[in-house]
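Here the structure comes first, spelled out in structure tokens, and everything after it is commentary.
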Amino acid sequence: MKKQIVIPTFTSSLRAAALPLFFYLYTVGNVTACLGLLAFCAATDFFDGYLARKLSATSKFGGYYDATTDFILIMGIFAIFHVVGLYPIWLLLLISASFIQFSATSYLSKKMYDPVGRYLGSALYVGVVLTLLCPTLAIFIFVQYAFVVFFLVSIASRTISLTRKWVK
């Protein structure tokens with residue numbers, strides 16, 4: 001594997017590797033460290049794409065790998081939140097469905113116009129931060145229903161985008 005491909009791939013891998021550390025930090029009650037780790041993960045999410053473009057190392061694999069590491073991290077964190085009783089199982093299923101929807105529609109079309117779906121991961125990061133900073137019933141309800149709205153609008157946006165491509 002070429003060196004310029006390894007660097008962004010390694011940077012993406014750091015997010016999946018961060019999940020056990022997040023689990024440990026969360027179980028010992030170190031919310032500040034959890035937030036710092038999330039900031040680090042968000043930075044790697046930005047830099048892996050930036051590095052791939054800068055090093056001319058973009059690839060379909062890299063794009064999917066980046067999304068997969070995001071999914072592993074976010075799904076793992078929400079699984080932790082579910083186990084401790086903060087979120088219902090249906091939210092985990094919806095997060096999984098959003099990843100499957102992203103993967104399937106991205107496979108069908110290289111250029112997909114989805115002004116909402118591209119921010120689903122960011123919205124979930126915000127949901128994690130809100131949950132850590134203010135673990136109240138109001139926040140739990142807000143995160144759940146905000147994600148439902150994001151998800152539904154994203155499905156509509158992707159469906160419209162795919163339909164336009166097939167009609168042309």
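Naming scheme: A, B, ... for chains in displayed order of the structure tokens; residues 1 onward per chain; ligands 1 onward as shown.
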Compile a residue-level contact table for range 65-155 of chain A against range 26-30 of chain A at a cut-off of 12 Å, reporting for every qualifying residue the shortest atom pair and its distance in Å to one decimal, with only C-alpha atoms counted, rows ordered by chain and ascending number, as a tab-separated table.
```
residue	atom	partner	partner_atom	distance
A:Ile77	CA	A:Tyr26	CA	9.5
A:Phe78	CA	A:Tyr26	CA	11.9
A:Ile80	CA	A:Tyr26	CA	8.8
A:Phe81	CA	A:Tyr26	CA	9.6
A:Val83	CA	A:Thr27	CA	11.4
A:Val84	CA	A:Thr27	CA	9.7
A:Val128	CA	A:Tyr26	CA	11.6
A:Thr131	CA	A:Tyr26	CA	11.6
A:Leu132	CA	A:Tyr26	CA	9.0
A:Leu133	CA	A:Asn30	CA	11.3
```
Skipping near chain neighbours, those fewer than 5 positions away, what residues fall within 12 Å of Pro135 in chain A using only C-alpha atoms, listed as a count of residues only?
14
Which residue gives the smallest distance to Ser96 in chain A among A:Ala17, A:Ala146, A:Leu51, A:Phe151, with only C-alpha atoms counted?
A:Phe151
DSSP helix (DSSP H, G or I) residues within chain A, as JSON, numbers by chain
{"A": [3, 4, 5, 6, 7, 8, 9, 10, 11, 12, 13, 14, 15, 16, 17, 18, 19, 20, 21, 22, 23, 24, 25, 26, 27, 31, 32, 33, 34, 35, 36, 37, 38, 39, 40, 41, 42, 43, 44, 45, 46, 47, 48, 49, 50, 51, 52, 53, 54, 60, 61, 62, 63, 64, 65, 66, 67, 68, 69, 70, 71, 72, 73, 74, 75, 76, 77, 78, 79, 80, 81, 82, 83, 89, 90, 91, 92, 93, 94, 95, 96, 97, 98, 99, 100, 101, 102, 103, 104, 105, 106, 107, 108, 117, 118, 119, 120, 121, 122, 123, 124, 125, 126, 127, 128, 129, 130, 131, 132, 133, 137, 138, 139, 140, 141, 142, 143, 144, 145, 146, 147, 148, 149, 150, 151, 152, 153, 154, 155, 156, 157, 158, 159, 160, 161, 162, 163, 164, 165, 166, 167]}
If we count only C-alpha atoms and set the cut-off at 10 Å, which residues sit around Pro20 in chain A, ignoring sequence neighbours fewer than 4 positions away in its own chain? Please answer as a list in words.
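Within the cut-off, the hits are Ala16, Tyr24, Leu25, Tyr26, Leu73, Gly76 and Ile77 of chain A.
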Export, as a CSV table (one decimal), in the first residue's frame, the selected residues with C-alpha atoms.
```
chain,number,residue,atom,x,y,z
A,16,ALA,CA,-12.7,3.1,15.6
A,24,TYR,CA,-13.5,3.3,29.7
A,25,LEU,CA,-13.6,7.1,30.2
A,26,TYR,CA,-17.4,7.1,30.3
A,73,LEU,CA,-17.6,5.1,16.8
A,76,GLY,CA,-20.7,2.2,19.8
A,77,ILE,CA,-21.2,5.3,21.8
```
At what distance in Å, to one decimal, does CA of Pro88 in chain A lie from CA of Thr159 in chain A?
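Rounded to one decimal, the two atoms are 27.2 Å apart.
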Best match for closeness to Cys34 in chain A among A:Ala52, A:Tyr125, A:Thr58, A:Thr69, counting only C-alpha atoms:
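Checking each of A:Ala52, A:Tyr125, A:Thr58, A:Thr69 against Cys34 in chain A, counting only C-alpha atoms, the winner is A:Tyr125.
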Figure out the distance between CA of Thr163 in chain A and CA of Thr105 in chain A, please, to one decimal in Å.
11.2 Å
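Distance check against Gly62 in chain A using only C-alpha atoms: of A:Ile7, A:Ile89, A:Val126, A:Leu19, the minimum falls on A:Ile7.
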Exercise: Thr68 in chain A partners within 12 Å, only C-alpha atoms, chain neighbours under 3 positions left out, as a list in words
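In the requested format, the answer is Thr9, Ser12, Ser13, Leu14, Arg15, Ala16, Asp45, Phe61, Gly62, Gly63, Tyr64, Tyr65, Phe71, Ile72, Leu73, Ile74, Met75, Gly76, Ser96, Ser98, Phe99, Ile100, Phe102, Ser103 and Gly121 of chain A.
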What gap, in Å, lies between CA of Leu92 in chain A and CA of Thr11 in chain A?
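Going from CA of Leu92 in chain A over to CA of Thr11 in chain A, I get 25.2 Å.
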